[in-house]
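Enquirer: Structure file my_file10.txt (compact mmCIF, C-alpha atoms) is given on the next line.
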```txt
# COMPACT_ATOMS: atom_id res chain seq x y z
CA ARG A 1 112.04 92.04 90.54
CA LYS A 2 111.29 88.73 92.22
CA ILE A 3 107.81 88.49 93.75
CA ILE A 4 107.35 86.08 96.67
CA PHE A 5 103.73 85.16 97.39
CA GLU A 6 102.65 82.23 99.59
CA LYS A 7 105.89 80.24 99.27
CA GLN A 8 105.88 80.78 95.50
CA TRP A 9 108.29 83.08 93.69
CA PHE A 10 107.96 84.43 90.15
CA TYR A 11 108.65 87.39 87.86
CA LEU A 12 105.81 89.58 86.54
CA ASP A 13 107.54 90.56 83.27
CA ASN A 14 105.39 88.29 81.09
CA ALA A 15 102.16 89.56 82.68
CA ILE A 16 102.57 93.06 81.21
CA GLY A 17 100.10 93.61 78.39
CA HIS A 18 97.55 91.02 79.52
CA ILE A 19 94.10 91.98 80.83
CA TYR A 20 93.18 91.79 84.52
CA GLY A 21 91.70 88.43 85.49
CA THR A 22 94.16 86.43 83.36
CA THR A 23 95.31 83.17 84.97
CA PHE A 24 98.99 82.34 84.68
CA GLU A 25 101.00 79.22 85.36
CA VAL A 26 104.41 79.53 86.99
CA THR A 27 106.96 77.68 84.85
CA SER A 28 110.60 76.88 85.55
CA GLY A 29 112.71 79.92 86.34
CA GLY A 30 109.73 81.78 87.83
CA ASN A 31 108.34 82.89 84.45
CA LEU A 32 104.60 83.32 83.96
CA GLN A 33 102.76 81.69 81.06
CA PRO A 34 99.03 82.25 80.37
CA LYS A 35 97.18 79.07 81.32
CA GLN A 36 95.29 77.37 78.52
CA ASP A 37 91.62 76.60 79.17
CA MET A 38 91.66 72.86 79.75
CA GLU A 39 88.82 70.65 80.81
CA GLU A 40 89.04 69.63 84.43
CA THR A 41 90.12 66.02 84.86
CA THR A 42 87.07 64.33 86.29
CA THR A 43 87.95 61.85 88.98
CA ASP A 44 85.85 58.79 89.65
CA THR A 45 83.58 60.48 92.14
CA LYS A 46 81.04 57.69 91.58
CA GLU A 47 83.21 55.43 93.73
CA ALA A 48 82.59 57.48 96.85
CA GLY A 49 81.82 56.27 100.32
CA THR A 50 78.63 57.02 102.22
CA ASP A 51 80.40 58.49 105.24
CA ASN A 52 83.87 59.01 106.71
CA ARG A 53 83.39 57.10 109.97
CA ASN A 54 85.85 54.29 109.12
CA ILE A 55 88.64 56.55 107.86
CA VAL A 56 91.53 56.90 110.31
CA ASP A 57 94.06 59.70 109.81
CA ASP A 58 97.20 57.78 110.76
CA GLY A 59 99.43 59.29 108.04
CA LYS A 60 99.84 55.91 106.27
CA SER A 61 97.12 56.30 103.65
CA GLN A 62 99.41 58.08 101.12
CA LYS A 63 101.95 55.80 99.43
CA LEU A 64 103.92 58.64 97.82
CA THR A 65 106.57 60.05 100.14
CA HIS A 66 107.90 63.60 100.25
CA ASP A 67 111.02 62.51 98.33
CA ASP A 68 108.88 60.93 95.61
CA ILE A 69 106.92 64.16 95.13
CA LYS A 70 110.17 66.13 95.00
CA ALA A 71 111.50 63.75 92.34
CA LEU A 72 108.34 64.25 90.27
CA LYS A 73 108.80 68.04 90.50
CA ASP A 74 112.45 67.76 89.43
CA LYS A 75 111.38 65.79 86.35
CA GLY A 76 109.21 68.74 85.32
CA ILE A 77 105.84 67.09 85.92
CA LYS A 78 103.11 69.71 86.31
CA GLY A 79 100.98 70.17 89.40
CA GLN A 80 97.84 68.68 87.85
CA GLU A 81 99.62 65.39 87.15
CA ILE A 82 101.09 65.33 90.67
CA VAL A 83 97.58 65.74 92.14
CA GLN A 84 96.33 62.87 89.95
CA GLN A 85 99.14 60.62 91.19
CA LEU A 86 98.39 61.56 94.81
CA ILE A 87 94.76 60.55 94.27
CA GLU A 88 95.77 57.23 92.70
CA ASN A 89 98.23 56.43 95.51
CA SER A 90 95.79 57.27 98.31
CA THR A 91 94.27 54.17 99.94
CA THR A 92 91.41 56.08 101.59
CA PHE A 93 90.35 58.35 98.70
CA ARG A 94 87.68 55.93 97.34
CA ASP A 95 86.12 55.54 100.79
CA LYS A 96 85.66 59.30 101.31
CA THR A 97 82.37 61.02 100.61
CA GLU A 98 81.92 63.08 97.46
CA PHE A 99 82.28 66.32 99.44
CA ALA A 100 85.42 65.05 101.18
CA GLN A 101 86.93 64.07 97.83
CA ASP A 102 86.31 67.55 96.40
CA LYS A 103 87.87 69.07 99.49
CA TYR A 104 90.94 66.80 99.20
CA ILE A 105 91.46 67.67 95.50
CA LYS A 106 91.06 71.40 96.19
CA LYS A 107 93.61 71.25 99.03
CA LYS A 108 96.20 69.36 96.96
CA LYS A 109 95.72 71.66 93.95
CA LYS A 110 96.40 74.70 96.09
CA LYS A 111 99.60 73.09 97.37
CA TYR A 112 101.06 71.70 94.14
CA GLU A 113 99.55 73.70 91.27
CA ALA A 114 101.46 76.96 90.78
CA VAL A 115 98.58 78.94 89.26
CA ILE A 116 98.18 82.70 89.75
CA THR A 117 95.33 85.01 88.73
CA ILE A 118 96.11 88.74 88.57
CA VAL A 119 93.10 90.86 89.58
CA LYS A 120 92.57 94.60 89.48
CA PRO A 121 93.26 96.20 92.89
CA SER A 122 90.26 97.62 94.71
CA THR A 123 89.32 98.78 98.20
CA ARG A 124 87.54 95.51 98.91
CA ILE A 125 90.50 93.31 97.93
CA LEU A 126 93.16 95.43 99.66
CA SER A 127 91.18 95.87 102.90
CA THR A 128 90.43 92.12 103.06
CA MET A 129 94.10 91.31 102.41
CA TYR A 130 95.45 93.76 105.02
CA TYR A 131 92.93 92.59 107.64
CA ALA A 132 93.81 88.92 107.03
CA ARG A 133 97.60 89.33 106.87
CA GLU A 134 98.68 92.50 108.71
CA PRO A 135 95.74 93.89 110.76
CA GLY A 136 98.10 95.80 113.07
CA LYS A 137 99.20 98.06 110.20
CA ILE A 138 95.63 99.27 109.63
CA ASN A 139 94.66 99.52 113.35
CA HIS A 140 92.50 96.37 112.98
CA LEU A 141 90.09 98.23 110.69
CA ARG A 142 87.78 95.55 109.29
CA TYR A 143 86.52 95.86 105.71
CA ASP A 144 82.84 96.19 106.67
CA THR A 145 83.74 98.99 109.09
CA LEU A 146 85.63 100.76 106.29
CA ALA A 147 82.54 100.44 104.08
CA GLN A 148 80.43 102.02 106.85
CA MET A 149 82.93 104.89 107.12
CA LEU A 150 82.70 105.67 103.40
CA THR A 151 78.88 105.60 103.56
CA LEU A 152 78.52 107.68 106.75
CA GLY A 153 81.12 110.18 105.46
CA ASN A 154 79.11 110.71 102.23
CA ILE A 155 82.23 110.27 100.09
CA ARG A 156 81.46 111.22 96.48
CA ALA A 157 83.02 112.93 93.48
CA GLY A 158 83.51 116.68 93.81
CA ASN A 159 83.87 116.70 97.60
CA LYS A 160 86.54 118.53 99.58
CA MET A 161 87.54 115.97 102.20
CA ILE A 162 89.86 116.07 105.21
CA VAL A 163 91.39 112.66 106.00
CA MET A 164 93.45 111.94 109.10
CA GLU A 165 94.57 108.31 109.20
CA THR A 166 97.42 106.09 110.32
CA CYS A 167 96.25 102.97 108.46
CA ALA A 168 99.16 102.82 105.96
CA GLY A 169 97.13 104.87 103.45
CA LEU A 170 94.27 102.35 103.09
CA VAL A 171 91.52 104.79 104.16
CA LEU A 172 93.02 107.51 101.95
CA GLY A 173 93.08 105.11 98.98
CA ALA A 174 89.45 104.11 99.60
CA VAL A 175 88.39 107.78 99.63
CA MET A 176 90.39 108.51 96.46
CA GLU A 177 88.86 105.51 94.68
CA ARG A 178 85.30 106.57 95.52
CA MET A 179 85.91 110.21 94.51
CA GLY A 180 87.33 109.08 91.17
CA GLY A 181 89.82 111.92 90.78
CA TYR A 182 87.20 114.70 91.15
CA GLY A 183 87.33 117.05 94.11
CA SER A 184 90.17 117.58 96.57
CA ILE A 185 91.55 115.68 99.54
CA ILE A 186 93.63 117.13 102.36
CA GLN A 187 95.59 114.47 104.25
CA MET A 188 96.64 115.43 107.76
CA TYR A 189 99.75 113.54 108.89
CA PRO A 190 101.85 113.23 112.05
CA GLY A 191 105.64 113.19 112.02
CA GLY A 192 107.89 113.98 109.07
CA GLY A 193 105.62 113.00 106.18
CA PRO A 194 102.50 111.08 105.12
CA VAL A 195 102.55 107.27 104.86
CA ARG A 196 100.92 105.99 101.65
CA ALA A 197 102.08 102.38 101.32
CA ALA A 198 98.58 101.00 100.69
CA THR A 199 97.58 103.98 98.51
CA SER A 200 100.35 103.15 96.03
CA CYS A 201 98.94 99.60 95.69
CA PHE A 202 95.72 100.92 94.11
CA GLY A 203 97.56 101.92 90.94
CA PHE A 204 95.85 105.30 90.60
CA PRO A 205 96.76 107.48 87.58
CA LYS A 206 98.67 110.74 88.10
CA LEU A 207 95.43 112.72 87.76
CA PHE A 208 94.24 111.35 91.12
CA PHE A 209 97.28 112.75 92.92
CA ASP A 210 97.01 116.25 91.41
CA ASN A 211 94.23 117.18 93.87
CA LEU A 212 95.77 115.40 96.87
CA HIS A 213 97.20 117.82 99.44
CA GLU A 214 99.00 117.19 102.72
CA PHE A 215 99.32 119.20 105.93
CA PRO A 216 101.23 118.40 109.17
CA LEU A 217 99.23 118.04 112.39
CA SER A 218 101.89 120.03 114.24
CA LYS A 219 100.84 123.22 112.40
CA VAL A 220 97.07 122.92 112.90
CA ASP A 221 97.00 124.93 116.15
CA SER A 222 99.05 127.77 114.64
CA LEU A 223 96.72 127.84 111.62
CA LEU A 224 93.65 128.10 113.85
CA SER A 225 95.21 130.83 116.01
CA GLY A 226 96.31 132.81 112.95
CA THR A 227 100.04 132.61 113.72
CA PHE A 228 100.80 130.12 110.93
CA SER A 229 103.76 131.10 108.78
CA THR A 230 106.28 129.07 106.80
CA GLU A 231 109.96 129.92 106.80
CA THR A 232 111.15 132.36 104.16
CA LEU A 233 110.98 130.61 100.83
CA PRO A 234 114.36 129.88 99.29
CA SER A 235 115.13 131.73 96.09
CA GLU A 236 114.42 129.84 92.88
CA PRO A 237 117.10 127.56 91.40
CA GLU A 238 118.25 130.18 88.81
CA ASP A 239 119.45 132.56 91.58
CA ASN A 240 121.16 129.71 93.37
CA THR A 241 123.16 128.79 90.29
CA LEU A 242 124.53 132.34 90.05
CA VAL A 243 125.65 132.28 93.68
CA ALA A 244 127.21 128.85 93.15
CA GLU A 245 129.07 130.04 90.04
CA GLU A 246 130.47 133.08 91.90
CA SER A 247 131.69 130.85 94.70
CA ASN A 248 133.21 128.52 92.10
CA GLY A 249 135.14 131.45 90.65
CA LEU A 250 136.68 132.11 94.06
CA THR A 251 137.64 128.46 94.47
CA ASP A 252 139.22 128.45 91.00
CA GLU A 253 141.39 131.45 91.95
CA LYS A 254 142.51 129.66 95.11
CA GLN A 255 143.33 126.56 93.08
CA THR A 256 145.46 128.58 90.62
CA SER A 257 147.39 130.20 93.47
CA LEU A 258 148.01 126.75 94.94
CA GLN A 259 149.24 125.52 91.57
CA GLU A 260 151.69 128.46 91.32
CA THR A 261 153.15 127.73 94.74
CA GLU A 262 153.48 124.05 93.82
CA GLU A 263 155.33 124.95 90.60
CA GLU A 264 157.76 127.24 92.49
CA SER A 265 158.53 124.50 94.99
CA THR A 266 159.17 122.01 92.19
CA THR A 267 161.58 124.38 90.40
CA GLU A 268 163.58 124.83 93.64
CA ALA A 269 163.83 121.06 94.09
CA ALA A 270 164.51 120.39 90.37
CA MET A 271 168.25 120.13 90.97
CA GLU A 272 167.75 117.02 93.15
CA ILE A 273 164.79 115.23 91.41
CA ASN A 274 164.79 113.59 87.99
CA GLN A 275 162.57 114.76 85.12
CA THR A 276 160.54 111.49 85.12
CA GLU A 277 159.55 112.04 88.74
CA GLU A 278 158.43 115.60 87.90
CA GLN A 279 156.12 114.28 85.14
CA GLU A 280 154.60 111.69 87.50
CA THR A 281 153.82 114.30 90.16
CA MET A 282 152.23 116.59 87.54
CA ASP A 283 149.99 113.72 86.33
CA ILE A 284 148.90 112.93 89.90
CA ASN A 285 148.09 116.62 90.55
CA ALA A 286 145.98 116.80 87.37
CA GLU A 287 144.01 113.67 88.38
CA ASP A 288 143.40 115.10 91.87
CA LEU A 289 142.09 118.34 90.35
CA GLU A 290 139.70 116.43 88.09
CA LEU A 291 138.37 114.43 91.04
CA LYS A 292 137.85 117.63 93.04
CA GLU A 293 136.00 119.29 90.18
CA ASN A 294 133.69 116.25 89.74
CA LYS A 295 132.91 116.16 93.46
CA GLU A 296 132.15 119.88 93.48
CA LYS A 297 129.79 119.48 90.53
CA GLU A 298 127.96 116.64 92.28
CA ASN A 299 127.68 118.69 95.48
CA LYS A 300 126.29 121.67 93.52
CA GLU A 301 123.66 119.48 91.86
CA ASN A 302 122.66 117.92 95.20
CA VAL A 303 122.31 121.35 96.82
CA ARG A 304 120.20 122.62 93.92
CA GLU A 305 117.96 119.55 94.05
CA LYS A 306 117.48 119.87 97.82
CA GLN A 307 116.63 123.57 97.54
CA ARG A 308 114.20 122.91 94.70
CA LYS A 309 112.40 120.19 96.70
CA GLN A 310 112.21 122.43 99.78
CA TRP A 311 110.82 125.26 97.70
CA GLU A 312 108.15 122.98 96.16
CA ARG A 313 107.23 121.52 99.56
CA ARG A 314 106.75 124.95 101.13
CA LYS A 315 104.76 126.15 98.15
CA LYS A 316 102.40 123.17 98.51
CA LEU A 317 102.16 123.79 102.26
CA ILE A 318 101.03 127.38 101.65
CA GLU A 319 98.44 126.21 99.11
CA THR A 320 97.05 123.59 101.54
CA ALA A 321 96.93 126.17 104.37
CA ALA A 322 94.90 128.47 102.09
CA LEU A 323 92.44 125.61 101.39
CA LEU A 324 92.03 124.89 105.11
CA ARG A 325 91.56 128.58 105.98
CA GLU A 326 88.40 128.60 103.85
CA LYS A 327 86.82 126.28 106.50
CA ASN A 328 84.41 124.78 103.97
CA ALA A 329 85.41 121.10 103.89
CA ASP A 330 82.60 118.71 102.92
CA GLY A 331 83.55 116.03 105.42
CA LEU A 332 86.08 114.70 107.90
CA ILE A 333 87.34 111.15 108.38
CA VAL A 334 89.59 110.21 111.31
CA ALA A 335 91.08 106.71 111.70
CA SER A 336 94.30 106.91 113.70
CA LYS A 337 96.19 105.28 116.55
CA PHE A 338 96.08 108.54 118.52
CA HIS A 339 93.35 109.60 120.93
CA PRO A 340 90.54 110.94 118.72
CA ALA A 341 89.20 113.72 121.02
CA PRO A 342 91.86 116.46 120.47
CA LEU A 343 92.15 115.55 116.77
CA LEU A 344 88.42 115.78 116.17
CA LEU A 345 87.84 118.99 118.15
CA SER A 346 90.59 120.84 116.26
CA LEU A 347 89.85 119.47 112.77
CA LEU A 348 86.09 120.10 113.03
CA GLU A 349 86.91 123.81 112.82
CA PHE A 350 87.74 123.36 109.12
CA VAL A 351 84.46 121.57 108.25
CA ALA A 352 81.49 123.51 106.85
CA PRO A 353 78.09 123.31 108.60
CA SER A 354 75.68 120.48 107.73
CA ARG A 355 78.53 118.13 106.77
CA PRO A 356 79.21 114.60 108.08
CA PHE A 357 82.19 113.42 110.09
CA VAL A 358 83.28 109.87 111.01
CA VAL A 359 85.80 108.77 113.64
CA TYR A 360 87.11 105.20 113.87
CA CYS A 361 88.75 103.68 116.93
CA GLN A 362 89.58 100.11 117.78
CA TYR A 363 88.28 100.65 121.32
CA LYS A 364 85.04 102.13 122.65
CA GLU A 365 86.32 104.20 125.59
CA PRO A 366 88.15 106.94 123.61
CA LEU A 367 85.04 107.46 121.47
CA LEU A 368 82.87 107.73 124.59
CA ALA A 369 85.14 110.54 125.82
CA CYS A 370 84.84 112.11 122.37
CA TYR A 371 81.05 111.82 122.52
CA THR A 372 80.76 113.61 125.87
CA LYS A 373 83.13 116.40 124.81
CA LEU A 374 81.19 117.01 121.61
CA ARG A 375 77.92 117.11 123.54
CA ALA A 376 79.37 119.71 125.91
CA ARG A 377 80.85 121.75 123.05
CA GLY A 378 77.78 121.74 120.80
CA GLY A 379 77.81 122.42 117.08
CA VAL A 380 76.99 118.79 116.19
CA ILE A 381 73.79 116.78 115.81
CA ASN A 382 72.85 113.15 115.16
CA LEU A 383 75.79 111.80 117.18
CA LYS A 384 75.94 108.00 116.97
CA LEU A 385 78.36 105.48 118.42
CA SER A 386 78.06 102.20 116.52
CA GLU A 387 79.72 98.83 116.02
CA THR A 388 79.20 96.57 113.01
CA TRP A 389 78.81 92.82 113.35
CA LEU A 390 80.10 90.52 110.64
CA ARG A 391 79.78 86.78 110.07
CA ASN A 392 81.05 85.00 106.96
CA TYR A 393 79.03 82.21 105.39
CA GLN A 394 80.15 79.36 103.16
CA VAL A 395 77.68 79.07 100.29
CA LEU A 396 78.07 75.75 98.43
CA PRO A 397 75.54 73.18 97.14
CA ASP A 398 74.08 71.16 100.04
CA ARG A 399 76.62 72.56 102.52
CA SER A 400 75.93 76.27 103.16
CA HIS A 401 76.70 77.21 106.75
CA PRO A 402 78.38 79.96 108.82
CA LYS A 403 82.16 79.79 108.86
CA LEU A 404 83.58 78.15 111.96
CA THR A 405 85.70 81.18 112.89
CA MET A 406 84.69 84.84 112.90
CA SER A 407 86.31 88.06 114.09
CA GLY A 408 85.42 89.21 117.58
CA GLY A 409 85.14 92.89 116.75
CA GLY A 410 85.69 95.32 113.91
CA GLY A 411 86.18 98.49 115.95
CA TYR A 412 83.78 101.34 116.71
CA LEU A 413 82.55 104.37 114.76
CA LEU A 414 81.44 107.76 116.03
CA SER A 415 79.52 109.70 113.40
CA GLY A 416 77.58 112.94 113.32
CA ILE A 417 76.71 116.08 111.36
CA THR A 418 78.09 119.55 111.95
CA VAL A 419 75.84 122.58 112.49
CA VAL A 420 76.55 126.27 113.04
CA LEU A 421 77.89 126.75 116.55
CA ASP A 422 76.10 129.76 118.08
CA LYS A 423 78.77 131.22 120.32
CA GLY A 424 76.27 133.56 122.00
CA LYS A 425 74.37 130.59 123.36
CA SER A 426 77.43 128.59 124.30
CA ASP A 427 77.14 129.89 127.90
CA SER A 428 73.85 128.01 128.21
CA SER A 429 75.86 124.83 128.85
CA HIS A 430 76.46 126.19 132.39
CA PRO A 431 74.49 124.18 135.03
CA ASP A 432 72.67 127.28 136.38
CA ALA A 433 71.54 128.30 132.93
CA LEU A 434 69.92 124.90 132.35
CA LYS A 435 67.48 125.41 135.27
CA THR A 436 64.71 126.90 133.17
CA GLU A 437 61.02 126.70 133.97
CA GLU A 438 58.81 124.13 132.31
CA PRO A 439 56.42 125.27 129.58
CA SER A 440 53.04 126.49 130.81
CA SER A 441 51.22 123.65 129.03
CA LYS A 442 53.16 121.04 131.01
CA ARG A 443 52.56 122.89 134.30
CA CYS A 444 48.83 122.92 133.70
CA LYS A 445 48.77 119.19 133.11
CA VAL A 446 50.73 118.49 136.31
CA GLN A 447 48.39 120.74 138.34
CA ASP A 448 45.31 118.95 136.91
CA LEU A 449 46.73 115.60 137.90
CA HIS A 450 47.29 116.74 141.48
CA CYS A 451 43.68 117.94 141.73
```
Would you write out, as structure tokens, the structure that this file holds?

Expert:
Amino acid sequence: RKIIFEKQWFYLDNAIGHIYGTTFEVTSGGNLQPKQDMEETTTDTKEAGTDNRNIVDDGKSQKLTHDDIKALKDKGIKGQEIVQQLIENSTTFRDKTEFAQDKYIKKKKKKYEAVITIVKPSTRILSTMYYAREPGKINHLRYDTLAQMLTLGNIRAGNKMIVMETCAGLVLGAVMERMGGYGSIIQMYPGGGPVRAATSCFGFPKLFFDNLHEFPLSKVDSLLSGTFSTETLPSEPEDNTLVAEESNGLTDEKQTSLQETEEESTTEAAMEINQTEEQETMDINAEDLELKENKEKENKENVREKQRKQWERRKKLIETAALLREKNADGLIVASKFHPAPLLLSLLEFVAPSRPFVVYCQYKEPLLACYTKLRARGGVINLKLSETWLRNYQVLPDRSHPKLTMSGGGGYLLSGITVVLDKGKSDSSHPDALKTEEPSSKRCKVQDLHC
């Protein structure tokens, strides 16, 4: 299929079989050709100005017009040659400083050289790309915040993780990558089914998806209360085929009876109709019967396929419910557009004691409400509400400095560790129960001070 990337379109057929990191050049017709290692054309950087104070950007410094550049492209001249001609036809290029010349060449190369490097997908690349291009799809989850989530959640191979996210599958993919196919992941999802657009971009092998389970949020309450039950499982496809065949037998009998009535009617009207017309009507009837039979076969196959998919889905749902009932998950990660408090309080029931949990939210206020509710509930320690600060730096010879623009905020994280909730002592959260006397050692010290 045609790939469109930054105003450039091409086909990836020729890239198959090459190693990651290979640089390709887009030729005519959108085909990719591996770029040969050529020495960079060194421009006369010796003829550089001392500063740019006398350069005026009036748009008249470039002699080549847009039509001229288009004509060069139509002739089949490559991007490198076009850049060289732009340099030669620029009246101000020689007066620019060495740094300004490098910047100019780099800018023109990016515009006119159709060069593409295919890199192996990773969490870092995908999170940076999503945050730069479509931050709304991942709830404005910045890549450094995602890194903090993976660290605070203690994601490692062999874990049994619960992931609740509405970030197009980016957080799920990051967890799967770090676990490396070992352990199990239970993805909680709202609505009709899980969204895994970003997860599919990682290119994981099938082995990684074998231990990936999914469970709807709508059934969490019933699972906790013990009233969870799936609908009666449909019988396996073999039984369905027998029922379908029996029903087909009935339809065949009806069709034969219809044919008999049609034949009787034709014999009665044979005195008035010619033999040629009789043959035509018989041919039409035979074609209609064939079409009906084909449609019935297609309908049977569709019904079987639907029933088989439903049966598999319910079977997986029962397996996932059994995993959650064990209540021994090694961690919980929440990064959704919904309010985190009800999600966290219900999902923490499935996490084993002494395990970490991390909650991401773009705003601070929902996490503050979460913090106070967890404090009142108990069963957690080391609660922390944090925000990471990120500034990018340009690191180049003689011109390293912070980037001019930086993101205002990367969201907030609430992290903590679960402990055994002693239900006998849960009443101690009552205000009257908190009015306990001070230890005797403290009372003695206070009395001594008064004396």

Enquirer: With only C-alpha atoms as the basis for distance, which of A:Asp51, A:Ala71, A:Ser61, A:Lys110 is at the shortest distance from A:Ser90?

Expert: A:Ser61

Enquirer: What does the structure give for the distance between atom CA of A:Glu165 and atom CA of A:Gln148, in Å to one decimal?

Expert: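 Distance reported for this atom pair: 15.7 Å.
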
Enquirer: Could you check how far atom CA of A:Met176 sits from atom CA of A:Ile155, in Å to one decimal?

Expert: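 Distance between the two atoms: 9.1 Å.
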
Enquirer: Figure out the distance between atom CA of A:Arg142 and atom CA of A:Pro366, please, to one decimal in Å.

Expert: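 Distance between the two atoms: 18.3 Å.
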
Enquirer: Between A:Asn285, A:Ser225, A:Thr123, A:Thr320, single out the one closest to A:His213, counting only C-alpha atoms.

Expert: A:Thr320

Enquirer: Hey, which of A:Asp102, A:Glu312, A:Glu349, A:Glu134 ends up closest to A:Glu326? Count only C-alpha atoms.

Expert: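 Selected residue with least distance to A:Glu326: A:Glu349.
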
Enquirer: Here is a test: counting all atoms listed in the file, which residue of A:Gly378, A:Gly136, A:Pro205, A:Pro121 is nearest to A:Tyr20?

Expert: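 The shortest atom-to-atom distance to A:Tyr20 comes from A:Pro121.
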
Enquirer: Pick the closest to A:Trp9 from A:Gln101, A:Asn31, A:Gln307, A:Thr22: which is it, counting all atoms listed in the file?

Expert: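 Looking at the shortest contact to A:Trp9, the residue is A:Asn31.
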
Enquirer: Of the candidates A:Ala114, A:Val358, A:Leu344, A:Val420, which one gets nearest to A:Val220 if we count all atoms listed in the file?

Expert: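 Closest candidate: A:Leu344.
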